[in-house]
$ cat my_file_0.tsv   # TSV, C-alpha atoms
chain	number	residue	atom	x	y	z
G	1	MET	CA	0.00	0.00	0.00
G	2	LYS	CA	1.05	3.68	-0.48
G	3	CYS	CA	1.36	6.56	2.02
G	4	GLN	CA	-1.46	8.99	1.39
G	5	ASN	CA	0.88	11.93	2.04
G	6	CYS	CA	4.19	11.14	0.24
G	7	GLY	CA	3.15	8.11	-1.85
G	8	SER	CA	5.99	5.90	-0.55
G	9	ASN	CA	5.45	2.14	0.03
G	10	LEU	CA	4.02	1.13	3.44
G	11	ASN	CA	3.38	-2.16	5.24
G	12	ILE	CA	-0.12	-2.47	6.63
G	13	GLU	CA	1.27	-3.00	10.17
G	14	ASP	CA	3.25	0.33	10.02
G	15	LYS	CA	1.50	2.82	12.28
G	16	TYR	CA	3.46	5.80	10.74
G	17	CYS	CA	5.06	6.37	7.30
G	18	PRO	CA	8.84	5.70	7.76
G	19	PHE	CA	9.60	8.48	5.21
G	20	CYS	CA	7.26	11.39	6.05
G	21	GLY	CA	5.96	10.34	9.53
G	22	GLU	CA	2.28	10.61	8.51
G	23	PRO	CA	0.02	8.22	10.59
G	24	ASN	CA	-1.24	5.15	8.71
G	25	PRO	CA	-5.06	5.01	9.16
G	26	TYR	CA	-5.27	1.30	8.02
G	27	ALA	CA	-2.80	0.05	10.61
G	28	LYS	CA	-5.15	0.69	13.58
G	29	ARG	CA	-8.14	-0.94	11.85
G	30	HIS	CA	-5.93	-3.81	10.80
G	31	GLN	CA	-4.75	-4.26	14.38
G	32	GLN	CA	-8.35	-4.18	15.65
G	33	GLU	CA	-9.36	-6.82	13.07
G	34	MET	CA	-6.37	-8.94	13.96
G	35	ASP	CA	-7.27	-8.69	17.64
G	36	ARG	CA	-10.87	-9.66	16.88
G	37	TYR	CA	-9.72	-12.62	14.78
G	38	ALA	CA	-7.40	-13.71	17.56
G	39	LYS	CA	-10.24	-13.46	20.09
G	40	ASP	CA	-12.62	-15.38	17.82
G	41	TYR	CA	-9.98	-18.00	17.21
G	42	GLU	CA	-9.41	-18.41	20.93
G	43	LYS	CA	-13.16	-18.66	21.57
G	44	THR	CA	-13.59	-21.26	18.82
G	45	ARG	CA	-10.64	-23.18	20.14
G	46	GLN	CA	-12.14	-23.17	23.63
G	47	ASP	CA	-15.52	-24.35	22.30
G	48	VAL	CA	-13.92	-27.13	20.29
G	49	LEU	CA	-11.86	-28.22	23.27
G	50	GLU	CA	-14.88	-28.13	25.56
G	51	ASN	CA	-17.08	-30.09	23.15
G	52	THR	CA	-14.34	-32.64	22.61
G	53	SER	CA	-13.84	-32.98	26.33
G	54	ARG	CA	-17.61	-33.37	26.87
G	55	LEU	CA	-17.73	-36.06	24.22
G	56	ASN	CA	-14.78	-37.75	25.86
G	57	ARG	CA	-16.42	-37.56	29.28
G	58	ARG	CA	-19.60	-39.04	27.84
G	59	SER	CA	-17.74	-41.93	26.23
G	60	VAL	CA	-15.91	-42.55	29.48
G	61	ARG	CA	-19.22	-42.61	31.37
G	62	ILE	CA	-20.85	-44.92	28.84
G	63	THR	CA	-17.84	-47.21	29.15
G	64	ILE	CA	-18.07	-47.11	32.95
G	65	ILE	CA	-21.81	-47.89	32.82
G	66	ALA	CA	-21.15	-50.79	30.45
G	67	ILE	CA	-18.44	-52.12	32.78
G	68	LEU	CA	-20.74	-51.71	35.81
G	69	ALA	CA	-23.54	-53.53	33.97
G	70	ALA	CA	-21.17	-56.37	33.15
G	71	LEU	CA	-19.99	-56.53	36.78
G	72	ILE	CA	-23.60	-56.54	38.01
G	73	ALA	CA	-24.36	-59.44	35.66
G	74	ILE	CA	-21.33	-61.34	37.01
G	75	ALA	CA	-22.33	-60.52	40.61
G	76	ALA	CA	-25.88	-61.73	39.92
G	77	PHE	CA	-24.50	-65.01	38.60
G	78	VAL	CA	-22.23	-65.42	41.63
G	79	LEU	CA	-25.14	-64.61	43.94
G	80	ALA	CA	-27.32	-67.20	42.22
G	81	GLN	CA	-24.51	-69.74	42.60
G	82	ALA	CA	-23.64	-68.74	46.19
G	83	ASP	CA	-24.94	-72.00	47.67
G	84	ASN	CA	-23.08	-74.11	45.12
G	85	ILE	CA	-19.88	-72.13	45.72
G	86	ARG	CA	-20.27	-72.67	49.47
G	87	TYR	CA	-20.89	-76.41	49.00
G	88	TRP	CA	-17.89	-76.59	46.73
G	89	GLN	CA	-15.72	-74.81	49.32
G	90	GLU	CA	-17.05	-77.06	52.08
G	91	ASP	CA	-16.44	-80.17	50.00
G	92	ARG	CA	-12.85	-79.09	49.39
G	93	ALA	CA	-12.32	-78.38	53.08
G	94	ILE	CA	-13.86	-81.75	54.00
G	95	ALA	CA	-11.78	-83.57	51.41
G	96	ALA	CA	-8.64	-81.99	52.87
G	97	HIS	CA	-9.49	-83.24	56.39
G	98	ALA	CA	-11.52	-86.35	55.54
G	99	ASP	CA	-9.26	-88.67	57.54
G	100	GLU	CA	-9.56	-86.55	60.68
G	101	TYR	CA	-13.35	-86.46	60.32
G	102	ARG	CA	-13.43	-90.23	59.79
G	103	GLU	CA	-11.45	-90.74	62.98
G	104	VAL	CA	-13.90	-88.64	65.02
G	105	ILE	CA	-16.96	-90.30	63.45
G	106	GLU	CA	-15.52	-93.75	64.15
G	107	GLN	CA	-14.97	-92.73	67.78
G	108	TYR	CA	-18.62	-91.59	68.08
G	109	MET	CA	-19.66	-94.92	66.55
G	110	GLU	CA	-17.50	-96.88	68.93
G	111	ASP	CA	-18.96	-94.96	71.90
G	112	ARG	CA	-22.47	-95.56	70.53
G	113	ASP	CA	-23.01	-91.82	70.95
G	114	TYR	CA	-25.83	-91.60	68.40
G	115	ILE	CA	-26.92	-88.07	69.27
G	116	GLY	CA	-23.33	-86.83	69.45
G	117	LEU	CA	-22.62	-88.29	66.01
G	118	TYR	CA	-25.75	-86.68	64.58
G	119	TYR	CA	-24.80	-83.23	65.90
G	120	TYR	CA	-21.15	-83.61	64.92
G	121	MET	CA	-21.98	-84.50	61.32
G	122	SER	CA	-24.81	-82.06	60.81
G	123	LYS	CA	-23.20	-79.06	62.50
G	124	ASN	CA	-19.94	-79.57	60.63
G	125	HIS	CA	-21.76	-80.03	57.30
G	126	LEU	CA	-20.40	-83.54	56.84
G	127	THR	CA	-23.68	-85.03	55.70
G	128	TYR	CA	-24.09	-86.42	52.22
G	129	THR	CA	-20.61	-85.33	51.10
G	130	ARG	CA	-18.79	-87.40	48.51
G	131	ASP	CA	-15.74	-87.95	50.69
G	132	LEU	CA	-17.73	-89.25	53.67
G	133	ASP	CA	-20.45	-90.98	51.70
G	134	GLU	CA	-19.80	-94.26	53.50
G	135	TYR	CA	-21.32	-92.72	56.67
G	136	SER	CA	-24.58	-91.57	55.07
G	137	ALA	CA	-26.64	-94.53	56.33
G	138	VAL	CA	-25.06	-94.22	59.78
G	139	TYR	CA	-25.97	-90.53	59.76
G	140	ASP	CA	-29.56	-91.20	58.67
G	141	MET	CA	-30.02	-93.72	61.47
G	142	SER	CA	-28.48	-91.31	64.01
G	143	MET	CA	-30.79	-88.56	62.78
G	144	TYR	CA	-33.85	-90.79	63.36
G	145	TYR	CA	-32.57	-91.78	66.79
G	146	LYS	CA	-31.98	-88.14	67.75
G	147	SER	CA	-35.45	-87.23	66.55
G	148	ILE	CA	-37.07	-90.07	68.52
G	149	HIS	CA	-35.04	-89.05	71.58
G	150	SER	CA	-36.09	-85.38	71.29
G	151	ASN	CA	-39.74	-86.32	70.88
G	152	LEU	CA	-39.60	-88.62	73.87
G	153	GLN	CA	-37.95	-85.80	75.84
G	154	THR	CA	-40.88	-83.61	74.84
G	155	LEU	CA	-43.34	-86.19	76.20
G	156	TRP	CA	-41.37	-86.51	79.45
G	157	VAL	CA	-41.15	-82.74	79.91
G	158	LYS	CA	-44.87	-82.36	79.14
G	159	LYS	CA	-45.68	-85.02	81.69
G	160	SER	CA	-43.32	-83.70	84.38
G	161	PHE	CA	-43.82	-79.97	83.87
G	162	PRO	CA	-47.44	-79.60	82.74
G	163	GLU	CA	-47.01	-75.85	82.09
G	164	LYS	CA	-44.43	-76.60	79.37
G	165	TYR	CA	-45.12	-77.22	75.69
G	166	THR	CA	-48.86	-76.78	76.06
G	167	TYR	CA	-48.90	-75.86	72.38
G	168	VAL	CA	-47.65	-79.34	71.44
G	169	LYS	CA	-50.26	-82.10	71.22
G	170	GLU	CA	-49.31	-85.64	72.14
G	171	SER	CA	-50.85	-86.87	68.90
G	172	GLU	CA	-48.37	-84.73	66.94
G	173	VAL	CA	-45.47	-86.18	68.89
G	174	PHE	CA	-46.73	-89.74	68.25
G	175	GLU	CA	-46.90	-88.91	64.57
G	176	TYR	CA	-43.26	-87.78	64.54
G	177	ILE	CA	-42.12	-90.82	66.50
G	178	ALA	CA	-44.05	-93.19	64.18
G	179	ARG	CA	-42.44	-91.51	61.18
G	180	ASP	CA	-38.98	-91.88	62.70
G	181	ILE	CA	-39.45	-95.53	63.67
G	182	GLU	CA	-40.52	-96.28	60.12
G	183	GLY	CA	-37.51	-94.28	58.90
G	184	LEU	CA	-35.18	-96.34	61.09
G	185	ASN	CA	-36.57	-99.60	59.80
G	186	GLU	CA	-36.23	-98.51	56.20
G	187	ALA	CA	-32.73	-97.04	56.64
G	188	ILE	CA	-31.36	-100.28	58.09
G	189	LYS	CA	-32.50	-102.35	55.09
G	190	PRO	CA	-32.73	-99.84	52.26
G	191	GLY	CA	-33.53	-100.40	48.60
G	192	ASP	CA	-30.08	-99.10	47.61
G	193	TYR	CA	-28.03	-101.33	49.89
G	194	ARG	CA	-24.33	-100.57	49.53
G	195	PRO	CA	-21.65	-102.59	51.30
G	196	GLU	CA	-19.50	-99.53	52.13
G	197	ARG	CA	-22.47	-97.94	53.89
G	198	HIS	CA	-24.09	-100.94	55.51
G	199	GLU	CA	-21.50	-103.55	56.34
G	200	GLY	CA	-19.00	-104.23	59.13
G	201	ASN	CA	-18.97	-101.94	62.14
G	202	LYS	CA	-21.57	-99.71	60.48
G	203	MET	CA	-24.20	-102.45	60.51
G	204	GLU	CA	-23.33	-103.30	64.14
G	205	TYR	CA	-23.73	-99.63	65.04
G	206	MET	CA	-27.07	-99.41	63.24
G	207	GLU	CA	-28.43	-102.56	64.85
G	208	ASP	CA	-27.41	-101.35	68.33
G	209	LEU	CA	-28.95	-97.97	67.56
G	210	ARG	CA	-32.27	-99.56	66.62
G	211	ASP	CA	-32.20	-101.72	69.75
G	212	ASP	CA	-31.54	-98.65	71.90
G	213	ALA	CA	-34.29	-96.66	70.18
G	214	GLU	CA	-36.67	-99.54	70.85
G	215	ALA	CA	-35.61	-99.57	74.51
G	216	LEU	CA	-36.53	-95.87	74.73
G	217	ILE	CA	-39.97	-96.62	73.29
G	218	SER	CA	-40.37	-99.55	75.66
G	219	GLY	CA	-39.53	-97.47	78.75
G	220	THR	CA	-41.63	-94.48	77.75
G	221	PHE	CA	-44.73	-96.33	76.55
G	222	ASN	CA	-44.57	-99.11	79.16
G	223	VAL	CA	-44.49	-101.95	76.67
G	224	SER	CA	-42.10	-104.84	76.63
G	225	ILE	CA	-39.11	-104.75	74.31
G	226	GLU	CA	-40.49	-107.82	72.51
G	227	ASP	CA	-43.67	-105.89	71.70
G	228	VAL	CA	-41.72	-102.90	70.48
G	229	ARG	CA	-39.73	-105.13	68.13
G	230	ALA	CA	-43.00	-106.02	66.43
G	231	LEU	CA	-43.09	-102.40	65.18
G	232	ARG	CA	-40.31	-103.34	62.75
G	233	GLU	CA	-42.90	-104.93	60.52
G	234	MET	CA	-45.45	-102.12	60.79
G	235	ASN	CA	-45.95	-99.02	58.72
G	236	LYS	CA	-46.17	-95.47	60.07
G	237	SER	CA	-49.96	-95.49	60.54
G	238	ARG	CA	-50.02	-98.74	62.50
G	239	ILE	CA	-47.08	-97.59	64.63
G	240	TYR	CA	-48.97	-94.37	65.39
G	241	VAL	CA	-52.05	-96.28	66.54
G	242	TYR	CA	-49.88	-98.55	68.66
G	243	LEU	CA	-48.16	-95.60	70.36
G	244	GLU	CA	-51.44	-93.80	70.97
G	245	ASP	CA	-53.02	-96.90	72.53
G	246	ASN	CA	-50.12	-97.47	74.90
G	247	TYR	CA	-49.29	-93.99	76.09
G	248	ASP	CA	-50.34	-93.16	79.62
G	249	GLU	CA	-50.49	-89.41	80.10
G	250	GLU	CA	-51.08	-89.52	83.83
G	251	GLU	CA	-48.34	-91.82	84.90
I	1	MET	CA	-32.34	-12.90	39.74
I	2	MET	CA	-31.83	-13.98	36.19
I	3	LYS	CA	-31.24	-17.61	35.58
I	4	LYS	CA	-27.72	-18.25	34.35
I	5	ASN	CA	-27.63	-19.11	30.70
I	6	LYS	CA	-25.86	-22.36	30.05
I	7	MET	CA	-25.18	-21.44	26.43
I	8	ASN	CA	-22.39	-19.17	25.24
I	9	SER	CA	-22.87	-16.39	22.73
I	10	ARG	CA	-22.61	-18.78	19.78
I	11	GLY	CA	-25.01	-21.38	21.04
I	12	GLY	CA	-22.29	-23.60	22.52
I	13	ARG	CA	-22.32	-24.83	26.10
I	14	ARG	CA	-20.45	-22.76	28.65
I	15	ALA	CA	-17.50	-24.37	30.35
I	16	GLY	CA	-18.52	-25.99	33.64
I	17	ALA	CA	-22.22	-26.23	32.77
I	18	THR	CA	-23.86	-29.65	33.53
I	19	SER	CA	-26.60	-30.95	31.27
I	20	GLY	CA	-29.57	-33.11	32.37
I	21	THR	CA	-28.08	-36.05	30.48
I	22	GLU	CA	-24.82	-35.77	32.38
I	23	LYS	CA	-26.69	-35.69	35.68
I	24	LEU	CA	-28.63	-38.74	34.58
I	25	PHE	CA	-25.37	-40.49	33.68
I	26	LYS	CA	-23.98	-39.73	37.11
I	27	LEU	CA	-27.16	-40.92	38.83
I	28	VAL	CA	-27.20	-44.16	36.83
I	29	MET	CA	-23.53	-44.79	37.60
I	30	VAL	CA	-24.01	-44.18	41.30
I	31	LEU	CA	-27.09	-46.43	41.40
I	32	MET	CA	-25.30	-49.18	39.51
I	33	ALA	CA	-22.28	-48.91	41.80
I	34	VAL	CA	-24.53	-49.15	44.87
I	35	ILE	CA	-26.37	-52.18	43.42
I	36	LEU	CA	-23.05	-53.80	42.59
I	37	VAL	CA	-21.67	-53.26	46.10
I	38	ILE	CA	-24.89	-54.63	47.66
I	39	MET	CA	-24.79	-57.70	45.41
I	40	ILE	CA	-21.13	-58.38	46.18
I	41	LEU	CA	-21.74	-58.05	49.93
I	42	LEU	CA	-24.83	-60.27	49.71
I	43	ALA	CA	-22.95	-62.90	47.73
I	44	LEU	CA	-20.04	-62.85	50.19
I	45	TRP	CA	-22.46	-63.10	53.11
I	46	ARG	CA	-24.25	-66.05	51.55
I	47	ILE	CA	-21.00	-67.80	50.73
I	48	HIS	CA	-19.33	-67.27	54.09
I	49	ASP	CA	-21.61	-66.20	56.92
I	50	ALA	CA	-25.25	-66.85	56.10
I	51	TYR	CA	-25.21	-70.40	57.38
I	52	ASP	CA	-22.80	-70.00	60.22
I	53	PRO	CA	-23.84	-72.40	62.94
I	54	TYR	CA	-25.66	-70.93	65.88
I	55	ILE	CA	-23.99	-71.17	69.26
I	56	SER	CA	-26.04	-70.47	72.35
I	57	ASP	CA	-24.20	-68.55	75.04
I	58	PRO	CA	-24.21	-69.40	78.77
I	59	ASN	CA	-26.87	-66.78	79.52
I	60	GLU	CA	-29.26	-68.22	76.94
I	61	MET	CA	-28.62	-71.70	78.29
I	62	TYR	CA	-29.40	-70.46	81.78
I	63	PHE	CA	-32.72	-68.88	80.76
I	64	THR	CA	-33.71	-71.94	78.73
I	65	LEU	CA	-33.13	-74.10	81.80
I	66	LYS	CA	-34.85	-71.61	84.08
I	67	GLY	CA	-37.97	-72.14	81.96
I	68	ASN	CA	-37.60	-75.94	82.21
I	69	ASP	CA	-37.14	-76.09	78.46
I	70	TYR	CA	-35.00	-79.22	78.64
I	71	VAL	CA	-35.52	-80.35	75.06
I	72	TYR	CA	-33.99	-77.14	73.71
I	73	ALA	CA	-31.36	-76.98	76.42
I	74	TYR	CA	-30.15	-80.50	75.62
I	75	GLY	CA	-30.16	-79.78	71.87
I	76	ASP	CA	-28.22	-76.53	72.38
I	77	MET	CA	-25.71	-78.28	74.59
I	78	MET	CA	-25.11	-81.10	72.10
I	79	SER	CA	-24.86	-78.62	69.26
I	80	ASN	CA	-22.34	-76.44	71.12
I	81	ILE	CA	-20.25	-79.47	71.99
I	82	ALA	CA	-20.32	-80.78	68.41
I	83	LEU	CA	-19.06	-77.44	67.14
I	84	GLY	CA	-16.27	-77.42	69.71
I	85	ALA	CA	-17.08	-73.75	70.06
I	86	THR	CA	-17.46	-73.68	73.80
I	87	ALA	CA	-14.08	-75.02	74.83
I	88	GLU	CA	-12.68	-71.72	75.99
I	89	LYS	CA	-15.82	-70.90	77.96
I	90	ASP	CA	-16.29	-74.34	79.41
I	91	SER	CA	-16.37	-73.08	82.96
I	92	GLU	CA	-19.19	-70.67	82.13
I	93	TYR	CA	-21.22	-73.47	80.59
I	94	THR	CA	-20.45	-76.18	83.14
I	95	GLU	CA	-23.43	-75.62	85.46
I	96	SER	CA	-25.94	-75.23	82.62
I	97	TYR	CA	-24.62	-78.27	80.80
I	98	ALA	CA	-24.79	-80.26	84.02
I	99	VAL	CA	-28.48	-79.38	84.45
I	100	ALA	CA	-29.36	-80.14	80.82
I	101	ASP	CA	-27.53	-83.45	81.02
I	102	TYR	CA	-29.06	-84.21	84.41
I	103	PHE	CA	-32.58	-84.06	83.02
I	104	ASN	CA	-31.60	-86.31	80.14
I	105	SER	CA	-29.83	-88.78	82.44
I	106	ALA	CA	-32.76	-88.80	84.86
I	107	MET	CA	-35.16	-89.47	82.00
I	108	MET	CA	-32.94	-92.19	80.53
I	109	THR	CA	-32.50	-93.81	83.96
I	110	ARG	CA	-36.26	-94.10	84.35
I	111	ILE	CA	-36.74	-95.29	80.77
I	112	TYR	CA	-34.14	-98.05	81.12
I	113	GLN	CA	-35.41	-99.06	84.57
I	114	ARG	CA	-38.91	-99.52	83.16
I	115	ALA	CA	-37.63	-101.23	80.01
I	116	SER	CA	-35.66	-103.58	82.25
I	117	GLU	CA	-38.70	-104.39	84.40
I	118	LEU	CA	-40.82	-105.04	81.30
I	119	ALA	CA	-38.28	-107.11	79.39
I	120	GLY	CA	-39.18	-110.76	79.19
I	121	ASP	CA	-35.82	-111.42	77.59
I	122	LYS	CA	-33.48	-111.82	80.59
I	123	GLY	CA	-30.39	-110.74	78.61
I	124	ALA	CA	-32.11	-107.55	77.51
I	125	ALA	CA	-33.39	-106.91	81.05
I	126	LYS	CA	-29.86	-107.07	82.44
I	127	SER	CA	-28.48	-104.92	79.69
I	128	PHE	CA	-31.17	-102.28	80.32
I	129	ALA	CA	-30.56	-102.40	84.07
I	130	ASP	CA	-26.86	-101.81	83.43
I	131	ARG	CA	-27.68	-98.82	81.22
I	132	ALA	CA	-29.97	-97.45	83.91
I	133	GLY	CA	-27.08	-97.78	86.37
I	134	GLU	CA	-24.74	-95.90	84.01
I	135	TYR	CA	-27.19	-93.04	83.68
I	136	LYS	CA	-27.73	-93.02	87.45
I	137	ALA	CA	-23.97	-92.61	87.94
I	138	ARG	CA	-23.99	-89.82	85.39
I	139	MET	CA	-26.74	-88.05	87.33
I	140	ALA	CA	-24.49	-88.04	90.39
I	141	GLU	CA	-21.61	-86.60	88.33
I	142	ASP	CA	-23.85	-83.89	86.93
I	143	ARG	CA	-25.20	-83.01	90.35
I	144	ALA	CA	-21.66	-82.51	91.63
I	145	LEU	CA	-21.03	-79.92	88.90
I	146	MET	CA	-24.19	-77.88	89.36
I	147	GLU	CA	-23.07	-75.67	92.28
I	148	ASP	CA	-25.64	-72.81	92.49
I	149	LEU	CA	-28.07	-74.70	90.28
I	150	THR	CA	-28.28	-77.83	92.43
I	151	PHE	CA	-31.89	-76.97	93.27
I	152	LYS	CA	-32.71	-77.74	89.61
I	153	ALA	CA	-31.69	-81.35	90.15
I	154	ASP	CA	-34.11	-81.63	93.10
I	155	GLU	CA	-36.80	-79.97	90.99
I	156	ILE	CA	-36.21	-82.45	88.14
I	157	ASP	CA	-36.27	-85.47	90.50
I	158	GLU	CA	-39.51	-84.29	92.03
I	159	ALA	CA	-41.13	-83.62	88.66
I	160	LEU	CA	-40.07	-86.91	87.08
I	161	GLY	CA	-41.18	-88.83	90.16

$ encode --input "my_file_0.tsv" --output "structure tokens"
Amino acid sequence: MKCQNCGSNLNIEDKYCPFCGEPNPYAKRHQQEMDRYAKDYEKTRQDVLENTSRLNRRSVRITIIAILAALIAIAAFVLAQADNIRYWQEDRAIAAHADEYREVIEQYMEDRDYIGLYYYMSKNHLTYTRDLDEYSAVYDMSMYYKSIHSNLQTLWVKKSFPEKYTYVKESEVFEYIARDIEGLNEAIKPGDYRPERHEGNKMEYMEDLRDDAEALISGTFNVSIEDVRALREMNKSRIYVYLEDNYDEEE
Amino acid sequence: MMKKNKMNSRGGRRAGATSGTEKLFKLVMVLMAVILVIMILLALWRIHDAYDPYISDPNEMYFTLKGNDYVYAYGDMMSNIALGATAEKDSEYTESYAVADYFNSAMMTRIYQRASELAGDKGAAKSFADRAGEYKARMAEDRALMEDLTFKADEIDEALG
């Protein structure tokens, strides 16, 4: 461009003519435009950065939500399988100490501590586990014995402390005892007889257990042991009738 | 007061402004995180603690016996013993256990005495009499351990007849 005063060449940024010193009117406007462009550029840059960052934040959040959803699905599966996981853990723990458990169970069997064996196996979750499967029939029998014993205790407490267990009817107790006697008789000669469960000291234990359970019935219902042994051939209903006929509440 | 405009002069969003969608995102994330934590805790509880065996403490045993609830007392005692959980507190349980066992022994003594009297089979009669004797001896052992609760033994004897 040319100086309006002397006509010499000027740059647009020159505020004054270097030859005659006349002010350059375009320089100021140019500077203002350049400032405005710079400001606009900065604003656009900020907007672009902000939008990009918002998009990034959104993608991050969507990713986090997707990960959370996946974790929730996994947690739901684990929750649904919690019992199986626990059984699996218990089985592993039992397998690791199976010999120690066997030793204790054998001691209970030797002592003929039927109720102790029942509580030991059930409270330590040793029932129906693969590693101690050979004791499943012994456990079943002990469970029936314990149940008969508890029900007889109930009858004795009811008789001795009349204010106790008023909500329990004798007929209900007879029903439970009849069920357990039938259970005992079936467990000792089951359909799925297996030597590892039913032979040797296990059968001796089970036979003694049944004899002892019959002695408890004999002493509580005032019937001879020979009569009680006849219950071996009866079903639950006939046993119930027998118990009901022979129980003396007053004695 | 004028509501702050979330838009800038060119229709873009101002820096620091939060849209409804972003709030919703945050809410969903927080909810999902809470659900996840609850599910993890629930799963851990069900795997480890949910089925922890119950152990009755000496006070509970005492109140059970005070109410003559011998069926529960005996069951609690056997359960505690099976779990081996009472070893370090044995002294605190001794008296209660002695009472619970005393009732059972007294009942078993009477049962075996009657069974012995009724048995036609002489071998069985002797065996039952021996068992009755064993339980009788156990009653004496229990009585010796009862200390302050000895009156319960007298109460049991009187009630059983």

$ residues_around --input "my_file_0.tsv" --residues "stretch 135-149 of chain I" --least-positions-apart "5" --cutoff "10 Å" --atoms "all atoms listed in the file" --output "list in words"
Tyr62, Leu65, Lys66, Thr94, Glu95, Ser96, Tyr97, Ala98, Val99, Ala100, Asp101, Tyr102, Phe103, Asn104, Ser105, Ala106, Met107, Met108, Thr109, Arg110, Tyr112, Ala129, Asp130 and Asp154 of chain I

$ write_last_selection --input "my_file_0.tsv" --atoms "C-alpha atoms" --output "short mmCIF file (atom, residue, chain, number, x, y, z; two decimals), in the coordinates of the input"
data_model
loop_
_atom_site.label_atom_id
_atom_site.label_comp_id
_atom_site.auth_asym_id
_atom_site.auth_seq_id
_atom_site.Cartn_x
_atom_site.Cartn_y
_atom_site.Cartn_z
CA TYR I 62 -29.40 -70.46 81.78
CA LEU I 65 -33.13 -74.10 81.80
CA LYS I 66 -34.85 -71.61 84.08
CA THR I 94 -20.45 -76.18 83.14
CA GLU I 95 -23.43 -75.62 85.46
CA SER I 96 -25.94 -75.23 82.62
CA TYR I 97 -24.62 -78.27 80.80
CA ALA I 98 -24.79 -80.26 84.02
CA VAL I 99 -28.48 -79.38 84.45
CA ALA I 100 -29.36 -80.14 80.82
CA ASP I 101 -27.53 -83.45 81.02
CA TYR I 102 -29.06 -84.21 84.41
CA PHE I 103 -32.58 -84.06 83.02
CA ASN I 104 -31.60 -86.31 80.14
CA SER I 105 -29.83 -88.78 82.44
CA ALA I 106 -32.76 -88.80 84.86
CA MET I 107 -35.16 -89.47 82.00
CA MET I 108 -32.94 -92.19 80.53
CA THR I 109 -32.50 -93.81 83.96
CA ARG I 110 -36.26 -94.10 84.35
CA TYR I 112 -34.14 -98.05 81.12
CA ALA I 129 -30.56 -102.40 84.07
CA ASP I 130 -26.86 -101.81 83.43
CA ASP I 154 -34.11 -81.63 93.10
#

$ residues_around --input "my_file_0.tsv" --residues "stretch 155-166 of chain G" --least-positions-apart "2" --cutoff "6 Å" --atoms "all atoms listed in the file" --output "PyMOL selection string"
(chain G and resi 152-153+168) or (chain I and resi 159-160)

$ closest_residue --input "my_file_0.tsv" --among "G:Leu231, G:Ala96, G:Leu209, G:Val138" --to "G:Ile181" --atoms "all atoms listed in the file"
G:Leu231

$ atom_distance --input "my_file_0.tsv" --atom1 "atom CA of G:Leu184" --atom2 "atom CA of G:Glu90"
28.0 Å

$ residues_near_point --input "my_file_0.tsv" --point "(2.9, 7.9, 11.4)" --cutoff "12 Å" --atoms "all atoms listed in the file" --output "list in words"
Cys3, Gln4, Asn5, Cys6, Leu10, Asn11, Ile12, Glu13, Asp14, Lys15, Tyr16, Cys17, Pro18, Phe19, Cys20, Gly21, Glu22, Pro23, Asn24, Pro25, Tyr26, Ala27 and Lys28 of chain G

$ write_last_selection --input "my_file_0.tsv" --atoms "C-alpha atoms" --output "PDB file, in the frame of the given file"
ATOM      1  CA  CYS G   3       1.360   6.560   2.020  1.00  0.00           C
ATOM      2  CA  GLN G   4      -1.460   8.990   1.390  1.00  0.00           C
ATOM      3  CA  ASN G   5       0.880  11.930   2.040  1.00  0.00           C
ATOM      4  CA  CYS G   6       4.190  11.140   0.240  1.00  0.00           C
ATOM      5  CA  LEU G  10       4.020   1.130   3.440  1.00  0.00           C
ATOM      6  CA  ASN G  11       3.380  -2.160   5.240  1.00  0.00           C
ATOM      7  CA  ILE G  12      -0.120  -2.470   6.630  1.00  0.00           C
ATOM      8  CA  GLU G  13       1.270  -3.000  10.170  1.00  0.00           C
ATOM      9  CA  ASP G  14       3.250   0.330  10.020  1.00  0.00           C
ATOM     10  CA  LYS G  15       1.500   2.820  12.280  1.00  0.00           C
ATOM     11  CA  TYR G  16       3.460   5.800  10.740  1.00  0.00           C
ATOM     12  CA  CYS G  17       5.060   6.370   7.300  1.00  0.00           C
ATOM     13  CA  PRO G  18       8.840   5.700   7.760  1.00  0.00           C
ATOM     14  CA  PHE G  19       9.600   8.480   5.210  1.00  0.00           C
ATOM     15  CA  CYS G  20       7.260  11.390   6.050  1.00  0.00           C
ATOM     16  CA  GLY G  21       5.960  10.340   9.530  1.00  0.00           C
ATOM     17  CA  GLU G  22       2.280  10.610   8.510  1.00  0.00           C
ATOM     18  CA  PRO G  23       0.020   8.220  10.590  1.00  0.00           C
ATOM     19  CA  ASN G  24      -1.240   5.150   8.710  1.00  0.00           C
ATOM     20  CA  PRO G  25      -5.060   5.010   9.160  1.00  0.00           C
ATOM     21  CA  TYR G  26      -5.270   1.300   8.020  1.00  0.00           C
ATOM     22  CA  ALA G  27      -2.800   0.050  10.610  1.00  0.00           C
ATOM     23  CA  LYS G  28      -5.150   0.690  13.580  1.00  0.00           C
TER      24      LYS G  28
END

$ closest_residue --input "my_file_0.tsv" --among "G:Arg54, G:Arg229, G:Arg112, G:Arg238" --to "G:Asp211" --atoms "only C-alpha atoms"
G:Arg229

$ residues_around --input "my_file_0.tsv" --residues "stretch 190-205 of chain G" --least-positions-apart "6" --cutoff "9 Å" --atoms "all atoms listed in the file" --output "VMD selection string"
chain G and resid 109 to 110 112 114 133 to 138

$ atom_distance --input "my_file_0.tsv" --atom1 "atom CA of I:Glu134" --atom2 "atom CA of G:Ile188"
27.1 Å

$ atom_distance --input "my_file_0.tsv" --atom1 "atom CA of G:Thr127" --atom2 "atom CA of G:Asp140"
9.0 Å

$ residues_near_point --input "my_file_0.tsv" --point "(-48.1, -95.8, 78.5)" --cutoff "8 Å" --atoms "all atoms listed in the file" --output "list in words"
Thr220, Phe221, Asn222, Val223, Asp245, Asn246, Tyr247, Asp248, Glu249 and Glu251 of chain G
